[in-house]
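Asks: Structure file model28.txt, compact mmCIF, C-alpha atoms, is pasted below:
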```txt
# COMPACT_ATOMS: atom_id res chain seq x y z
CA MET S 1 -28.39 89.07 -72.29
CA PRO S 2 -31.10 86.98 -70.70
CA LYS S 3 -30.79 83.25 -71.12
CA LYS S 4 -33.44 81.49 -73.06
CA LYS S 5 -35.23 78.76 -71.20
CA CYS S 6 -35.61 75.46 -73.00
CA PRO S 7 -39.17 74.33 -73.21
CA LYS S 8 -39.97 71.44 -70.89
CA PRO S 9 -41.56 68.43 -72.48
CA SER S 10 -45.17 67.93 -71.70
CA PRO S 11 -45.84 64.99 -69.29
CA SER S 12 -48.49 63.68 -71.59
CA SER S 13 -46.26 63.65 -74.59
CA PRO S 14 -44.50 60.28 -75.08
CA ALA S 15 -40.75 60.14 -74.96
CA PRO S 16 -39.16 59.46 -78.27
CA THR S 17 -38.18 55.82 -78.67
CA ASN S 18 -35.74 54.06 -80.90
CA PRO S 19 -37.41 51.20 -82.87
CA GLN S 20 -34.24 49.09 -82.79
CA THR S 21 -33.96 49.39 -79.00
CA HIS S 22 -37.64 48.40 -78.62
CA ASN S 23 -37.26 45.31 -80.77
CA PHE S 24 -34.15 44.21 -78.91
CA ALA S 25 -35.87 44.51 -75.51
CA LEU S 26 -38.88 42.60 -76.80
CA GLN S 27 -36.69 39.79 -78.07
CA HIS S 28 -34.79 39.70 -74.74
CA TYR S 29 -37.97 39.41 -72.68
CA THR S 30 -39.39 36.77 -75.03
CA SER S 31 -36.21 34.70 -74.85
CA THR S 32 -36.09 34.96 -71.04
CA PHE S 33 -39.74 33.93 -70.72
CA THR S 34 -39.21 30.98 -73.05
CA GLN S 35 -36.21 29.77 -71.05
CA GLN S 36 -38.07 30.07 -67.74
CA TYR S 37 -41.10 28.29 -69.17
CA THR S 38 -38.94 25.49 -70.56
CA THR S 39 -37.07 25.08 -67.27
CA THR S 40 -40.32 25.02 -65.27
CA ASN S 41 -41.88 22.55 -67.67
CA MET S 42 -38.84 20.24 -67.40
CA LYS S 43 -39.00 20.39 -63.60
CA LEU S 44 -42.70 19.53 -63.62
CA THR S 45 -42.07 16.66 -66.02
CA LEU S 46 -39.25 15.31 -63.87
CA PHE S 47 -41.35 15.62 -60.71
CA SER S 48 -44.26 13.82 -62.36
CA ALA S 49 -41.97 11.00 -63.46
CA LEU S 50 -40.52 10.63 -59.97
CA ALA S 51 -43.98 10.72 -58.42
CA GLY S 52 -45.16 8.06 -60.85
CA SER S 53 -42.17 5.84 -60.03
CA ALA S 54 -42.82 6.19 -56.32
CA ALA S 55 -46.51 5.48 -56.80
CA ALA S 56 -45.63 2.25 -58.58
CA PHE S 57 -44.37 0.86 -55.25
CA ALA S 58 -47.28 2.16 -53.18
CA PRO S 59 -49.85 -0.60 -53.93
CA ALA S 60 -47.53 -3.40 -52.76
CA GLN S 61 -46.89 -1.63 -49.47
CA THR S 62 -50.58 -0.91 -49.00
CA SER S 63 -51.43 -4.53 -49.79
CA THR S 64 -48.87 -5.79 -47.29
CA SER S 65 -50.16 -3.44 -44.61
CA THR S 66 -53.73 -4.46 -45.35
CA THR S 67 -52.83 -8.15 -45.19
CA ALA S 68 -51.04 -7.70 -41.86
CA LEU S 69 -53.99 -5.71 -40.51
CA ASN S 70 -56.45 -8.39 -41.62
CA ALA S 71 -54.28 -11.09 -40.00
CA GLU S 72 -54.31 -9.15 -36.74
CA LYS S 73 -58.07 -8.71 -36.92
CA GLU S 74 -58.79 -12.33 -37.89
CA MET S 75 -61.37 -13.74 -35.53
CA SER S 76 -61.20 -17.04 -33.68
CA LYS S 77 -63.12 -19.95 -35.19
CA ALA S 78 -64.09 -21.22 -31.74
CA LEU S 79 -65.03 -17.78 -30.40
CA PRO S 80 -66.03 -15.60 -33.37
CA PHE S 81 -66.46 -12.54 -31.15
CA LEU S 82 -62.79 -12.63 -30.04
CA PRO S 83 -59.62 -12.09 -32.12
CA ARG S 84 -57.59 -15.18 -33.00
CA PRO S 85 -54.51 -15.59 -30.75
CA LYS S 86 -51.35 -14.86 -32.77
CA LEU S 87 -49.68 -18.19 -31.98
CA LEU S 88 -52.73 -20.23 -32.95
CA ASP S 89 -52.26 -19.96 -36.71
CA GLY S 90 -53.89 -23.30 -37.56
CA SER S 91 -50.64 -25.22 -38.02
CA LEU S 92 -51.29 -27.50 -35.03
CA PRO S 93 -53.84 -30.33 -35.30
CA GLY S 94 -57.18 -29.38 -33.77
CA ASP S 95 -56.30 -25.68 -33.62
CA VAL S 96 -59.49 -23.61 -33.81
CA GLY S 97 -58.12 -20.46 -32.17
CA PHE S 98 -59.42 -21.20 -28.67
CA ASP S 99 -57.24 -19.69 -25.97
CA PRO S 100 -59.26 -16.93 -24.25
CA PHE S 101 -56.96 -16.84 -21.20
CA ASN S 102 -53.70 -16.94 -23.20
CA LEU S 103 -52.51 -20.13 -21.54
CA GLY S 104 -50.50 -21.14 -24.59
CA GLY S 105 -47.64 -18.85 -23.58
CA GLY S 106 -45.86 -16.09 -25.43
CA ASP S 107 -43.75 -18.09 -27.87
CA LYS S 108 -43.90 -21.21 -30.02
CA ALA S 109 -41.84 -23.31 -27.57
CA SER S 110 -44.31 -22.63 -24.74
CA LEU S 111 -47.21 -23.45 -27.05
CA ILE S 112 -45.66 -26.82 -28.00
CA ASN S 113 -45.07 -27.65 -24.32
CA MET S 114 -48.69 -26.89 -23.54
CA ARG S 115 -49.83 -28.99 -26.50
CA GLU S 116 -47.74 -31.93 -25.26
CA ALA S 117 -49.23 -31.59 -21.79
CA GLU S 118 -52.72 -31.44 -23.33
CA ILE S 119 -52.15 -34.64 -25.31
CA LYS S 120 -50.79 -36.54 -22.29
CA HIS S 121 -53.64 -35.45 -20.05
CA GLY S 122 -56.06 -36.26 -22.84
CA ARG S 123 -54.73 -39.80 -23.17
CA LEU S 124 -55.10 -40.36 -19.44
CA ALA S 125 -58.62 -38.92 -19.65
CA MET S 126 -59.53 -41.31 -22.48
CA LEU S 127 -58.42 -44.24 -20.32
CA ALA S 128 -60.31 -42.83 -17.32
CA ALA S 129 -63.47 -42.14 -19.36
CA VAL S 130 -63.61 -45.87 -20.14
CA GLY S 131 -62.23 -47.21 -16.87
CA TRP S 132 -64.43 -45.13 -14.55
CA PRO S 133 -67.82 -46.59 -15.58
CA ILE S 134 -66.36 -50.07 -16.17
CA ALA S 135 -65.17 -50.11 -12.56
CA GLU S 136 -68.62 -49.13 -11.33
CA LEU S 137 -70.26 -51.81 -13.46
CA PHE S 138 -67.91 -54.75 -12.88
CA ASP S 139 -65.58 -54.07 -9.93
CA ARG S 140 -67.69 -55.93 -7.37
CA GLN S 141 -67.98 -59.01 -9.57
CA ILE S 142 -64.26 -59.06 -10.42
CA ALA S 143 -63.20 -58.47 -6.83
CA GLY S 144 -65.55 -61.19 -5.60
CA ALA S 145 -64.21 -63.67 -8.16
CA PHE S 146 -60.66 -63.18 -6.80
CA GLY S 147 -61.73 -62.98 -3.16
CA LEU S 148 -60.76 -59.31 -2.88
CA GLN S 149 -62.47 -56.33 -1.31
CA SER S 150 -64.23 -53.99 -3.74
CA ALA S 151 -62.57 -50.58 -4.17
CA LEU S 152 -65.85 -48.79 -4.83
CA THR S 153 -67.33 -46.37 -2.32
CA SER S 154 -70.35 -47.22 -0.18
CA THR S 155 -72.61 -45.73 -2.86
CA GLY S 156 -70.99 -47.82 -5.56
CA ALA S 157 -69.11 -44.89 -7.13
CA SER S 158 -65.52 -45.03 -8.32
CA PRO S 159 -62.96 -43.75 -5.80
CA SER S 160 -61.76 -40.20 -6.44
CA LEU S 161 -60.76 -37.05 -4.62
CA LEU S 162 -64.37 -35.89 -4.39
CA ASN S 163 -65.95 -39.31 -3.84
CA GLY S 164 -63.34 -40.53 -1.39
CA GLY S 165 -62.28 -44.15 -1.26
CA LEU S 166 -58.70 -43.62 -2.41
CA ASP S 167 -57.52 -45.08 0.90
CA LYS S 168 -58.78 -48.46 -0.32
CA ILE S 169 -56.31 -48.49 -3.20
CA GLU S 170 -53.25 -50.61 -2.50
CA PRO S 171 -49.86 -48.83 -2.56
CA ASP S 172 -48.64 -51.33 -5.14
CA TYR S 173 -51.11 -49.86 -7.62
CA TRP S 174 -49.65 -46.38 -7.24
CA VAL S 175 -46.12 -47.75 -7.66
CA ILE S 176 -47.14 -49.46 -10.90
CA VAL S 177 -48.85 -46.32 -12.19
CA ALA S 178 -45.84 -44.12 -11.35
CA SER S 179 -43.47 -46.59 -13.01
CA ILE S 180 -45.51 -46.68 -16.23
CA ALA S 181 -45.68 -42.89 -16.29
CA GLY S 182 -41.91 -42.65 -15.78
CA LEU S 183 -41.22 -45.10 -18.61
CA ALA S 184 -43.54 -43.15 -20.91
CA GLU S 185 -41.73 -39.89 -20.12
CA LEU S 186 -38.31 -41.47 -20.72
CA SER S 187 -39.50 -42.90 -24.02
CA SER S 188 -40.89 -39.53 -25.04
CA LYS S 189 -37.59 -37.84 -24.21
CA GLU S 190 -35.59 -40.38 -26.22
CA THR S 191 -37.92 -40.00 -29.20
CA LYS S 192 -37.58 -36.22 -29.03
CA GLU S 193 -33.79 -36.40 -29.03
CA GLU S 194 -33.79 -38.95 -31.82
CA LYS S 195 -36.16 -37.15 -34.20
CA GLY S 196 -35.07 -33.59 -33.47
CA LYS S 197 -37.11 -31.11 -35.53
CA ALA S 198 -39.27 -33.92 -36.90
CA TYR S 199 -40.52 -34.68 -33.37
CA ILE S 200 -44.29 -34.48 -32.96
CA ALA S 201 -45.67 -33.34 -29.61
CA GLY S 202 -46.77 -36.33 -27.55
CA ASP S 203 -44.80 -38.89 -29.56
CA CYS S 204 -43.44 -41.51 -27.15
CA GLY S 205 -42.57 -44.05 -29.79
CA PHE S 206 -45.54 -46.27 -28.93
CA ASP S 207 -47.42 -47.61 -31.96
CA PRO S 208 -47.33 -51.44 -31.81
CA LEU S 209 -50.14 -51.85 -34.34
CA GLY S 210 -48.74 -49.33 -36.82
CA LEU S 211 -51.89 -47.20 -36.83
CA PHE S 212 -50.10 -43.89 -37.32
CA PRO S 213 -50.00 -42.89 -41.03
CA GLN S 214 -46.78 -41.96 -42.78
CA ASP S 215 -48.11 -39.33 -45.20
CA LYS S 216 -48.46 -35.73 -44.09
CA GLU S 217 -52.22 -35.46 -44.59
CA GLY S 218 -52.85 -38.75 -42.80
CA MET S 219 -50.66 -37.70 -39.89
CA MET S 220 -52.54 -34.42 -39.52
CA ALA S 221 -55.90 -36.19 -39.67
CA MET S 222 -54.88 -38.80 -37.06
CA GLN S 223 -53.50 -36.17 -34.68
CA THR S 224 -56.66 -34.09 -35.09
CA LYS S 225 -58.81 -37.09 -34.18
CA GLU S 226 -56.67 -37.84 -31.14
CA ILE S 227 -56.74 -34.31 -29.77
CA LYS S 228 -60.50 -34.00 -30.30
CA HIS S 229 -61.19 -37.30 -28.56
CA SER S 230 -58.81 -36.24 -25.79
CA ARG S 231 -60.69 -33.00 -25.19
CA ILE S 232 -64.04 -34.80 -25.14
CA ALA S 233 -62.65 -37.35 -22.68
CA MET S 234 -61.35 -34.64 -20.34
CA MET S 235 -64.78 -33.01 -20.32
CA ALA S 236 -66.41 -36.41 -19.73
CA VAL S 237 -64.23 -37.23 -16.72
CA LEU S 238 -64.91 -33.77 -15.31
CA GLY S 239 -68.61 -34.48 -15.77
CA TYR S 240 -68.29 -37.87 -14.01
CA ALA S 241 -66.61 -36.30 -10.99
CA ALA S 242 -68.99 -33.34 -10.76
CA GLN S 243 -72.12 -35.44 -11.18
CA GLU S 244 -71.15 -38.00 -8.56
CA ALA S 245 -70.03 -35.32 -6.13
CA LEU S 246 -73.36 -33.52 -6.43
CA PHE S 247 -75.76 -36.48 -6.51
CA ARG S 248 -73.75 -39.00 -4.44
CA SER S 249 -74.64 -41.71 -6.90
CA PRO S 250 -72.64 -43.62 -9.53
CA VAL S 251 -72.72 -42.06 -12.95
CA THR S 252 -73.78 -45.42 -14.35
CA ASP S 253 -76.96 -45.21 -12.27
CA GLU S 254 -77.62 -41.55 -13.01
CA THR S 255 -77.33 -42.03 -16.78
CA PRO S 256 -77.95 -45.75 -17.38
CA MET S 257 -78.81 -45.17 -21.06
CA PHE S 258 -75.12 -44.56 -21.73
CA PHE S 259 -73.70 -47.49 -19.78
CA LYS S 260 -76.30 -50.20 -19.41
CA SER S 261 -77.98 -52.26 -22.07
CA VAL S 262 -81.60 -51.44 -22.74
CA LEU S 263 -82.31 -55.05 -23.75
```
Mind turning this structure into structure tokens?
Replies:
Amino acid sequence: MPKKKCPKPSPSSPAPTNPQTHNFALQHYTSTFTQQYTTTNMKLTLFSALAGSAAAFAPAQTSTSTTALNAEKEMSKALPFLPRPKLLDGSLPGDVGFDPFNLGGGDKASLINMREAEIKHGRLAMLAAVGWPIAELFDRQIAGAFGLQSALTSTGASPSLLNGGLDKIEPDYWVIVASIAGLAELSSKETKEEKGKAYIAGDCGFDPLGLFPQDKEGMMAMQTKEIKHSRIAMMAVLGYAAQEALFRSPVTDETPMFFKSVL
């Protein structure tokens, strides 16, 4: 007998479904989606909290970096178009950030040594700024009163490397000058060893009139005055030497308004 063929289901006809199976699958997918959404949401929340905690520290770091950058870019008071040298932070008296050739050295010790040399040269310059014109004004009279030869040059200028006349200075004078300088250096060394960290550059323990203040502000003010007068004196002595070398005339004659009475 011929076998009967079973009718094939039409492709367009939907397959029979079990309602219970459909509901179970729907619940499974819903539960899986909810779990994934909850897990993702927790991860995002945790990440946001960590990011917020890290951001809480960011402003301090940015502020520090900005402060350091501003310090590096701080301009010199003396030369506003140049950056302030790192070592010249204003802690030294008279510090206005002027060191265009970086002569202060690379560390604090070198800077202090240069400051001490500046003060010592400045003190000598202050003595020379006064003594130079006084010699030109009164040397002939004083030498004549003691029956001595004047040490001035033929033009009446003070003896110097550029003016000449140093050969007229007695050797005893140079011995006295060298001895005084040696005593000052020894005294400075003893004061440095005695005071240790409290030592101030240029302190040689010489203050017979007690003019140096004891309070911090007064000390800073006095040292600032000394270093400023020292710098002016060094420029003045340089001007004396240059002017007399160029014009071959005593500075007291070239600029009498500064040295001679108008009365």
Asks: Leaving out Gly205 (chain S) and any residue of its chain fewer than 6 positions from it, which residues lie within 7 Å of it when counting all atoms listed in the file, given as a list in words?
Replies: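 Here the answer would be Ser187, Ser188 and Thr191 of chain S.
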Asks: For Thr153 (chain S), find every residue with an atom within 8 Å (counting all atoms listed in the file), except residues of its own chain fewer than 2 positions away, and show them as JSON, numbers by chain.
Replies: {"S": [151, 155, 156, 157, 158, 159, 163, 164, 165]}
Asks: Separation of CA of Ala241 (chain S) and CA of Ala129 (chain S), in Å?
Replies: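 Computed distance, CA of Ala241 (chain S) to CA of Ala129 (chain S), equals 10.7 Å.
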Asks: Return the single residue from S:Trp132, S:Gly104, S:Lys77, S:Ile112 that is closest to Val237 (chain S), with distances computed using all atoms listed in the file.
Replies: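 Among the listed residues, S:Trp132 lies closest to Val237 (chain S).
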Asks: Which residues come within 12 Å of Lys225 (chain S), counting all atoms listed in the file, excluding same-chain residues fewer than 3 positions away, as a list of chain:residue names?
Replies: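 With the cut-off at 12 Å, the set is S:Pro93, S:Gly94, S:Asp95, S:Ile119, S:Gly122, S:Phe212, S:Gly218, S:Met219, S:Met220, S:Ala221, S:Met222, S:Lys228, S:His229, S:Ser230, S:Arg231, S:Ile232.
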Asks: Please determine the residues with any atom at most 10 Å from (-64.1, -19.8, -30.8) (coordinates as given in the file, with all atoms listed in the file counting) and report them as a PDB file with C-alpha atoms, in the coordinates of the input.
Replies:
```pdb
ATOM      1  CA  MET S  75     -61.370 -13.740 -35.530  1.00  0.00           C
ATOM      2  CA  SER S  76     -61.200 -17.040 -33.680  1.00  0.00           C
ATOM      3  CA  LYS S  77     -63.120 -19.950 -35.190  1.00  0.00           C
ATOM      4  CA  ALA S  78     -64.090 -21.220 -31.740  1.00  0.00           C
ATOM      5  CA  LEU S  79     -65.030 -17.780 -30.400  1.00  0.00           C
ATOM      6  CA  PRO S  80     -66.030 -15.600 -33.370  1.00  0.00           C
ATOM      7  CA  PHE S  81     -66.460 -12.540 -31.150  1.00  0.00           C
ATOM      8  CA  LEU S  82     -62.790 -12.630 -30.040  1.00  0.00           C
ATOM      9  CA  PRO S  83     -59.620 -12.090 -32.120  1.00  0.00           C
ATOM     10  CA  ARG S  84     -57.590 -15.180 -33.000  1.00  0.00           C
ATOM     11  CA  VAL S  96     -59.490 -23.610 -33.810  1.00  0.00           C
ATOM     12  CA  GLY S  97     -58.120 -20.460 -32.170  1.00  0.00           C
ATOM     13  CA  PHE S  98     -59.420 -21.200 -28.670  1.00  0.00           C
ATOM     14  CA  ASP S  99     -57.240 -19.690 -25.970  1.00  0.00           C
ATOM     15  CA  PRO S 100     -59.260 -16.930 -24.250  1.00  0.00           C
TER      16      PRO S 100
END
```
Asks: Which value, in Å to one decimal, gives the distance between CA of Asp203 (chain S) and CA of Val130 (chain S)?
Replies: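 Computing the Euclidean distance for CA of Asp203 (chain S) and CA of Val130 (chain S) yields 22.2 Å.
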Asks: Record the distance separating CA of Gly202 (chain S) and CA of Lys120 (chain S), expressed in Å with one decimal.
Replies: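 Here the two named atoms are 6.6 Å from each other.
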Asks: Nearest to Gln243 (chain S) among S:Leu161, S:Asp89, S:Ala145, S:Thr255, with distances taken over only C-alpha atoms: which residue is it?
Replies: S:Thr255
